[in-house]
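To keep things clear, I will list the structure first and then write my remarks on it.
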Amino acid sequence: NIPFLLWMATHLADAGVRVIFPILPGNFTRVADNSTSGKDFFDTDVDNATRFWEQSVVDVLSIIDHVKSQGLWINNAHMFGFCLGGMVSVMINALRDDFKRTIMMTVGGEMATLMWHSPTLEYFRKSVEKVKGTGRIKYSVDDMRKMKEIFREQLGHIKRFKSVEEMQNSDIHPYLKLDPIAYAQFVNPDKIIFVEALFDKALPLRSRRLLWEALGRPKRYIVPSGHVTWLPLQFFVARFILQNMGIREFKKQMEVLKKIEYEEKK
């Protein structure tokens, strides 16, 4: 997925947009030994998973601070998050109010549903079977029914938290503390654009719907694609981003994108 997103980033840059593309820990060139891209964010060891989620947030916030320190930040700054990146973007928006708008592309929440029903997380379920009964798994992570019960009960009470810090210091399930739904209530829905893939098999419908509702039902677009089948159409996503940024000389910049796309096909 990342090479496709890098293509889109470079072409947005060619259209005159300053683009910063962070590689999150555990992904692409930052994969841990004996792991695969994104795997460590959903681990039978919740403490290990927590390190990857927390480091992702720290990395993005550090980049924001660095850009500001260099005098390069603009009021029209936008953030684009795809899948896992979109989940992290919910956390970022809950902690900071830096971005004018955030576009979340094919994003879901509710970890219990994702862990046990997402085809993409089949590796997690296989890992559970390997270590089940060894005593190495904590917090009922290996018990599908128990996890669903815990999430169903605790999701009904997260509105009581008045801040992210209060939520993080509570006794809710550790994986719920990593769930974008737990952070959604602290996000301004007017700053969110939620793009959902109609034929998304990687993210169960329940997962997508719960996050959208938790975010306050922000502006939503439903596109006729699957979770990743939109990737070859980055040109249209890039155009969508430029439109939402309201950049001046939009037509001129789109001509640049079209010219680049045409030359690459030659």
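Every chain in the structure tokens has a letter given in the order shown (A, B, ...), and although residue numbers restart at 1 in each chain, ligands are simply numbered from 1 in the order shown.
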
Inset, instruction - List the neighbours of region 58-67 of chain A out to 10 Å using only C-alpha atoms; skip same-chain residues closer than 5 positions along the sequence, and give me the result as a ChimeraX atom specification. - result: /A:20-25,52-53,72-74,88-89,92,95-96,98-99

Report as a tab-separated table the residues of region 167-239 of chain A within 12 Å of region 102-106 of chain A, each with its shortest atom pair and distance in Å (one decimal), using only C-alpha atoms, ordered by chain and increasing residue number.
residue	atom	partner	partner_atom	distance
A:Pro180	CA	A:Met104	CA	11.8
A:Val187	CA	A:Thr102	CA	10.5
A:Asn188	CA	A:Thr102	CA	10.2
A:Pro189	CA	A:Thr102	CA	9.8
A:Asp190	CA	A:Thr102	CA	9.6
A:Lys191	CA	A:Thr102	CA	6.2
A:Ile192	CA	A:Thr102	CA	5.0
A:Ile193	CA	A:Ile103	CA	4.7
A:Phe194	CA	A:Met104	CA	5.1
A:Val195	CA	A:Met105	CA	4.8
A:Glu196	CA	A:Thr106	CA	5.0
A:Ala197	CA	A:Thr106	CA	5.9
A:Leu198	CA	A:Thr106	CA	9.4
A:Phe199	CA	A:Thr106	CA	10.3
A:Asp200	CA	A:Thr106	CA	7.7
A:Lys201	CA	A:Thr106	CA	10.5
A:Ala202	CA	A:Thr106	CA	9.2
A:Leu203	CA	A:Thr106	CA	7.8
A:Pro204	CA	A:Thr106	CA	10.8
A:Leu205	CA	A:Thr106	CA	10.9
A:Ser207	CA	A:Thr106	CA	10.6
A:Arg208	CA	A:Thr106	CA	8.0
A:Arg209	CA	A:Thr106	CA	11.2
A:Leu211	CA	A:Thr106	CA	11.0
A:Trp212	CA	A:Met104	CA	10.2
A:Leu215	CA	A:Met104	CA	11.3
A:Pro218	CA	A:Ile103	CA	10.6
A:Lys219	CA	A:Ile103	CA	9.9
A:Arg220	CA	A:Met104	CA	9.5
A:Tyr221	CA	A:Met105	CA	9.5
A:Ile222	CA	A:Thr106	CA	9.5
A:Val223	CA	A:Thr106	CA	9.7
A:Pro224	CA	A:Thr106	CA	11.7
A:Ser225	CA	A:Thr106	CA	10.0
A:Gly226	CA	A:Thr106	CA	8.8
A:His227	CA	A:Thr106	CA	6.3
A:Val228	CA	A:Thr106	CA	8.6
A:Thr229	CA	A:Thr106	CA	11.0
A:Trp230	CA	A:Thr106	CA	10.0
A:Leu231	CA	A:Met105	CA	10.8
A:Gln234	CA	A:Met105	CA	11.9
A:Val237	CA	A:Met105	CA	9.7
A:Ala238	CA	A:Ile103	CA	11.4

Those residues you just picked out, can you put them in a file as a PDB file, in the first residue's frame with C-alpha atoms?
ATOM      1  CA  PRO A 180      -9.955   5.086  17.839  1.00  0.00           C
ATOM      2  CA  VAL A 187     -12.461  15.041  18.032  1.00  0.00           C
ATOM      3  CA  ASN A 188     -14.215  17.958  16.336  1.00  0.00           C
ATOM      4  CA  PRO A 189     -16.489  16.308  13.711  1.00  0.00           C
ATOM      5  CA  ASP A 190     -16.497  19.483  11.612  1.00  0.00           C
ATOM      6  CA  LYS A 191     -12.817  18.865  10.878  1.00  0.00           C
ATOM      7  CA  ILE A 192     -13.260  15.266   9.715  1.00  0.00           C
ATOM      8  CA  ILE A 193     -13.996  13.877   6.256  1.00  0.00           C
ATOM      9  CA  PHE A 194     -14.808  10.165   6.437  1.00  0.00           C
ATOM     10  CA  VAL A 195     -14.305   8.186   3.221  1.00  0.00           C
ATOM     11  CA  GLU A 196     -15.744   4.678   3.335  1.00  0.00           C
ATOM     12  CA  ALA A 197     -15.301   1.934   0.746  1.00  0.00           C
ATOM     13  CA  LEU A 198     -18.626   0.311  -0.076  1.00  0.00           C
ATOM     14  CA  PHE A 199     -17.070  -3.105  -0.751  1.00  0.00           C
ATOM     15  CA  ASP A 200     -14.520  -3.024   2.072  1.00  0.00           C
ATOM     16  CA  LYS A 201     -13.964  -6.623   3.188  1.00  0.00           C
ATOM     17  CA  ALA A 202     -11.000  -5.824   5.426  1.00  0.00           C
ATOM     18  CA  LEU A 203     -13.092  -3.651   7.746  1.00  0.00           C
ATOM     19  CA  PRO A 204     -16.426  -5.140   8.869  1.00  0.00           C
ATOM     20  CA  LEU A 205     -19.410  -2.830   8.404  1.00  0.00           C
ATOM     21  CA  SER A 207     -16.382  -1.435  12.649  1.00  0.00           C
ATOM     22  CA  ARG A 208     -16.806   1.380  10.121  1.00  0.00           C
ATOM     23  CA  ARG A 209     -20.250   2.391  11.321  1.00  0.00           C
ATOM     24  CA  LEU A 211     -16.323   4.747  14.367  1.00  0.00           C
ATOM     25  CA  TRP A 212     -18.266   7.105  12.104  1.00  0.00           C
ATOM     26  CA  LEU A 215     -16.877  10.705  15.585  1.00  0.00           C
ATOM     27  CA  PRO A 218     -18.915  13.779  10.199  1.00  0.00           C
ATOM     28  CA  LYS A 219     -19.207  14.433   6.470  1.00  0.00           C
ATOM     29  CA  ARG A 220     -18.998  11.030   4.809  1.00  0.00           C
ATOM     30  CA  TYR A 221     -18.337   9.856   1.274  1.00  0.00           C
ATOM     31  CA  ILE A 222     -18.995   6.261   0.244  1.00  0.00           C
ATOM     32  CA  VAL A 223     -16.962   5.193  -2.774  1.00  0.00           C
ATOM     33  CA  PRO A 224     -17.683   2.087  -4.919  1.00  0.00           C
ATOM     34  CA  SER A 225     -14.430   0.279  -4.205  1.00  0.00           C
ATOM     35  CA  GLY A 226     -12.840  -2.228  -1.868  1.00  0.00           C
ATOM     36  CA  HIS A 227     -10.380  -1.575   0.936  1.00  0.00           C
ATOM     37  CA  VAL A 228      -7.368  -1.299  -1.367  1.00  0.00           C
ATOM     38  CA  THR A 229      -8.819  -1.379  -4.895  1.00  0.00           C
ATOM     39  CA  TRP A 230      -8.956   2.426  -4.877  1.00  0.00           C
ATOM     40  CA  LEU A 231      -5.151   2.600  -4.646  1.00  0.00           C
ATOM     41  CA  GLN A 234      -4.605   7.820  -6.581  1.00  0.00           C
ATOM     42  CA  VAL A 237      -7.887  10.855  -4.469  1.00  0.00           C
ATOM     43  CA  ALA A 238      -5.194  13.494  -5.006  1.00  0.00           C
TER      44      ALA A 238
END

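For the choices A:Thr44, A:Thr50, A:Gln185, A:Gln168, the atom-to-atom distance to Val90 (chain A) is smallest for A:Gln185 when using only C-alpha atoms.
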
Inset, instruction - Just give me the gap between CA of Leu5 (chain A) and CA of Ser118 (chain A) in Å, one decimal is fine. - result: 22.3 Å

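All residues of region 45-231 of chain A that DSSP, run on the backbone, classes as strand (DSSP E) are A:His78, A:Met79, A:Phe80, A:Gly81, A:Phe82, A:Arg101, A:Thr102, A:Ile103, A:Met104, A:Met105, A:Ile192, A:Ile193, A:Phe194, A:Val195, A:Glu196, A:Ala197, A:Lys219, A:Arg220, A:Tyr221, A:Ile222, A:Val223.
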
Selection from above, C-alpha atoms, as a short mmCIF file (atom, residue, chain, number, x, y, z; two decimals), in the first residue's frame, can you write it?
data_model
loop_
_atom_site.label_atom_id
_atom_site.label_comp_id
_atom_site.auth_asym_id
_atom_site.auth_seq_id
_atom_site.Cartn_x
_atom_site.Cartn_y
_atom_site.Cartn_z
CA HIS A 78 -4.55 18.87 6.16
CA MET A 79 -3.92 15.30 7.27
CA PHE A 80 -4.72 12.20 5.21
CA GLY A 81 -4.86 8.82 6.94
CA PHE A 82 -5.46 5.48 5.23
CA ARG A 101 -9.22 19.09 8.26
CA THR A 102 -8.42 15.38 8.32
CA ILE A 103 -9.41 12.98 5.56
CA MET A 104 -9.82 9.44 6.87
CA MET A 105 -9.79 6.83 4.11
CA ILE A 192 -13.26 15.27 9.72
CA ILE A 193 -14.00 13.88 6.26
CA PHE A 194 -14.81 10.16 6.44
CA VAL A 195 -14.30 8.19 3.22
CA GLU A 196 -15.74 4.68 3.33
CA ALA A 197 -15.30 1.93 0.75
CA LYS A 219 -19.21 14.43 6.47
CA ARG A 220 -19.00 11.03 4.81
CA TYR A 221 -18.34 9.86 1.27
CA ILE A 222 -18.99 6.26 0.24
CA VAL A 223 -16.96 5.19 -2.77
#

Inset, instruction - Report the residues of region 78-190 of chain A whose backbone DSSP state falls under helix (DSSP H, G or I), written as a PyMOL selection string. - result: chain A and resi 84-95+111-117+119-131+144-155+158-160+164-168+176-178+180-184+189-190

Legend entry - Using only C-alpha atoms: which of A:Lys146, A:His157, A:Arg136, A:Arg206 has the shortest distance to Asp47 (chain A): A:Arg136

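Closest approach to Arg30 (chain A) from the set A:Asn76, A:Ser163, A:Ser56, A:Gln243 is made by A:Ser56, with distances taken over only C-alpha atoms.
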
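Closest approach to Ile158 (chain A) among A:Asp142, A:Asp97, A:Asp179, A:Asp33: A:Asp179, based on only C-alpha atoms.
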